[in-house]
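Please read the structure below before turning to the comments.
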Amino acid sequence: MARGKLYLVPVPIGNLKDITYRAIEILKSVDLILAEDTRTSGLLLAEYGIKTPLLSYHQHNEQSRIEQITTKLELGENVALISDAGMPCISDPGSIIVKSLIANNIEIVALPGANAALTCLAASGLNTDYFTFFGFLSAKGVERSNQLENIKNHEYTIILYEAPHRILKTLKDLIEQGLGKRRIVVGRELTKKYETYLRDTVENAYHYYKQENPRGEFVLVMEGQTEYLSGNKQVQADFEAKAEQQATADLEQLLIGGMKTKSAVSYLSDKYEINKNTLYQIALELKDK
């Protein structure tokens, strides 16, 4: 008898229309669906007329369900695993049984589909070439401190999940790590009716949510150290270019008005924080016009 397969089936993160045709077909055809919360999943299945039996599978019973599910698969039954939203195993139950079934040479089939982290990343405008998904940070203690320290020194884009009652604490902790000026995109209730994106600095996002009552599930996408430093260099370069442009215009007017080159250069060097040699060179070019 051929063994069954475990299908990892992503479900919508908010908008029920985001489920794929293939996901619906698999959920209808398997013998059993493992669901993080059978009540939540029951609403989705009812929407699409899926009558496959449900069995609860969550972080508190994940280990104890393995033998029961393995037996069904050994008997040739096919099983689908879904979470409340998005992709199973990604900050959701599933990874323990996947490891166990792989060790027993049982086939795992993962379907593509909705994922909150990638949805927010794509809309962030930050670096999408290199990024790290940290998921939910630990609530407290040494582990959280180590995670925050890792984030502080991380080179590339950082993606976090956060609950409404903890988002202020996380933003405050990021500020205390010296990351208050970093650009961040906070995605809230993605794909749902009240979906919002807040694009600002960590510092400003913190003050915003101190005024606004945080509701819904959050995704935080923050620029990494490499992008932050690169952006600062560009800002500094733009500032210096504008300062030199203005200093050149002022220098020309002062020289036309009869001020001596040395006095004009000294005055504008202090005013615009530009090297005197640079201004002397500009003065020579103006005289040669």
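Please note that chains go A, B, ... in the order of the structure tokens, that every chain numbers its residues from 1, and that ligands are numbered from 1 in the order shown.
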
Give me, as a tab-separated table, each residue of segment 1-47 of chain A that comes within 7 Å of segment 66-90 of chain A, together with its shortest interatomic pair and the distance in Å at one decimal, counting only C-alpha atoms, with rows ordered by chain and rising residue number.
residue	atom	partner	partner_atom	distance
A:Met1	CA	A:Gly76	CA	6.6
A:Ala2	CA	A:Gly76	CA	5.6
A:Arg3	CA	A:Gly76	CA	4.3
A:Gly4	CA	A:Gly76	CA	4.2
A:Lys5	CA	A:Asn78	CA	5.0
A:Leu6	CA	A:Val79	CA	4.9
A:Tyr7	CA	A:Ala80	CA	4.5
A:Leu8	CA	A:Leu81	CA	5.1
A:Val9	CA	A:Ile82	CA	5.4
A:Pro10	CA	A:Met87	CA	4.3
A:Val11	CA	A:Gly86	CA	5.0
A:Pro12	CA	A:Gly86	CA	5.6
A:Ile13	CA	A:Ala85	CA	4.6
A:Leu27	CA	A:Ala80	CA	6.6
A:Val30	CA	A:Asn78	CA	5.1
A:Asp31	CA	A:Asn78	CA	5.5
A:Leu32	CA	A:Val79	CA	4.9
A:Ile33	CA	A:Ala80	CA	4.7
A:Leu34	CA	A:Leu81	CA	4.7
A:Ala35	CA	A:Ile82	CA	5.2
A:Glu36	CA	A:Ser83	CA	5.0
A:Asp37	CA	A:Asp84	CA	6.4
A:Thr40	CA	A:Asp84	CA	6.4
A:Ser41	CA	A:Asp84	CA	6.3

Could you turn the residues from that selection into a file that holds N, CA and C atoms, as a short mmCIF file (atom, residue, chain, number, x, y, z; two decimals), in the first residue's frame?
data_model
loop_
_atom_site.label_atom_id
_atom_site.label_comp_id
_atom_site.auth_asym_id
_atom_site.auth_seq_id
_atom_site.Cartn_x
_atom_site.Cartn_y
_atom_site.Cartn_z
N MET A 1 0.83 -1.20 0.00
CA MET A 1 0.00 0.00 0.00
C MET A 1 0.88 1.26 0.00
N ALA A 2 0.54 2.18 -0.90
CA ALA A 2 1.32 3.43 -0.97
C ALA A 2 1.02 4.30 0.23
N ARG A 3 2.03 4.94 0.70
CA ARG A 3 1.84 5.86 1.82
C ARG A 3 1.12 7.13 1.36
N GLY A 4 0.48 7.79 2.30
CA GLY A 4 -0.15 9.05 1.99
C GLY A 4 0.87 10.18 2.00
N LYS A 5 0.39 11.38 1.72
CA LYS A 5 1.25 12.57 1.69
C LYS A 5 0.72 13.61 2.66
N LEU A 6 1.63 14.40 3.20
CA LEU A 6 1.23 15.56 3.99
C LEU A 6 1.34 16.80 3.12
N TYR A 7 0.24 17.51 2.96
CA TYR A 7 0.22 18.73 2.17
C TYR A 7 0.24 19.95 3.12
N LEU A 8 1.19 20.83 2.90
CA LEU A 8 1.23 22.09 3.64
C LEU A 8 0.50 23.12 2.79
N VAL A 9 -0.66 23.55 3.27
CA VAL A 9 -1.55 24.38 2.45
C VAL A 9 -1.68 25.78 3.07
N PRO A 10 -1.13 26.79 2.41
CA PRO A 10 -1.31 28.16 2.92
C PRO A 10 -2.74 28.63 2.70
N VAL A 11 -3.24 29.40 3.64
CA VAL A 11 -4.59 29.95 3.53
C VAL A 11 -4.49 31.47 3.59
N PRO A 12 -5.54 32.20 3.24
CA PRO A 12 -5.47 33.67 3.22
C PRO A 12 -5.05 34.26 4.57
N ILE A 13 -4.36 35.40 4.51
CA ILE A 13 -3.97 36.11 5.73
C ILE A 13 -5.04 37.12 6.14
N LEU A 27 -7.64 20.66 -0.32
CA LEU A 27 -8.43 20.59 0.91
C LEU A 27 -9.70 19.76 0.74
N VAL A 30 -8.23 15.65 0.30
CA VAL A 30 -7.53 14.89 1.34
C VAL A 30 -8.53 14.22 2.28
N ASP A 31 -8.00 13.29 3.07
CA ASP A 31 -8.85 12.55 4.02
C ASP A 31 -9.03 13.29 5.34
N LEU A 32 -8.09 14.17 5.66
CA LEU A 32 -8.14 14.87 6.94
C LEU A 32 -7.41 16.21 6.82
N ILE A 33 -7.94 17.21 7.51
CA ILE A 33 -7.28 18.51 7.57
C ILE A 33 -6.89 18.79 9.01
N LEU A 34 -5.61 19.06 9.22
CA LEU A 34 -5.12 19.49 10.53
C LEU A 34 -5.22 21.01 10.58
N ALA A 35 -5.88 21.53 11.59
CA ALA A 35 -6.11 22.98 11.67
C ALA A 35 -5.68 23.50 13.02
N GLU A 36 -5.03 24.66 13.01
CA GLU A 36 -4.57 25.29 14.25
C GLU A 36 -5.76 25.59 15.16
N ASP A 37 -6.81 26.16 14.60
CA ASP A 37 -8.04 26.42 15.33
C ASP A 37 -9.20 25.99 14.44
N THR A 40 -11.84 28.73 13.56
CA THR A 40 -11.41 29.71 12.56
C THR A 40 -11.37 29.09 11.18
N SER A 41 -10.78 27.90 11.08
CA SER A 41 -10.67 27.23 9.78
C SER A 41 -12.04 26.81 9.25
#

Selection: 12 Å around Lys99 of chain A, only C-alpha atoms, excl. self and same-chain fewer than 3 positions, as a VMD selection string:
chain A and resid 6 63 66 70 89 93 to 96 102 to 108

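Those residues in segment 31-112 of chain A carrying a DSSP assignment of strand (DSSP E), computed from the backbone, are Leu32, Ile33, Leu34, Ala35, Leu54, Leu55, Ser56, Val79, Ala80, Leu81, Ile82, Ile108, Val109 and Ala110 of chain A.
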
Contact residues around segment 140-152 of chain A with only C-alpha atoms at 8 Å, ignoring same-chain residues under 2 positions, as a PyMOL selection string
chain A and resi 137-138+154+158+173-174+177-179+225

Can you spit out the residues from that selection as a CSV table (one decimal), in the first residue's frame, using N, CA and C atoms?
chain,number,residue,atom,x,y,z
A,137,LEU,N,9.4,38.1,18.4
A,137,LEU,CA,10.5,38.1,19.4
A,137,LEU,C,10.0,37.4,20.6
A,138,SER,N,11.0,36.9,21.4
A,138,SER,CA,10.6,36.4,22.7
A,138,SER,C,10.0,37.5,23.6
A,154,HIS,N,22.4,43.8,12.6
A,154,HIS,CA,22.1,43.0,11.4
A,154,HIS,C,22.3,43.9,10.1
A,158,ILE,N,15.1,43.6,8.0
A,158,ILE,CA,14.6,42.8,9.1
A,158,ILE,C,13.1,42.8,9.1
A,173,ASP,N,11.8,49.2,22.5
A,173,ASP,CA,13.1,48.4,22.6
A,173,ASP,C,14.0,48.7,21.5
A,174,LEU,N,13.5,48.8,20.3
A,174,LEU,CA,14.3,49.1,19.1
A,174,LEU,C,14.9,50.5,19.2
A,177,GLN,N,17.8,50.4,21.5
A,177,GLN,CA,19.0,49.8,20.8
A,177,GLN,C,19.7,50.8,19.9
A,178,GLY,N,19.2,52.0,19.9
A,178,GLY,CA,19.8,53.0,19.0
A,178,GLY,C,19.3,53.0,17.6
A,179,LEU,N,18.1,52.4,17.4
A,179,LEU,CA,17.6,52.2,16.0
A,179,LEU,C,16.4,53.2,15.7
A,225,GLN,N,21.4,47.6,8.8
A,225,GLN,CA,22.5,48.6,9.0
A,225,GLN,C,23.1,49.0,7.7
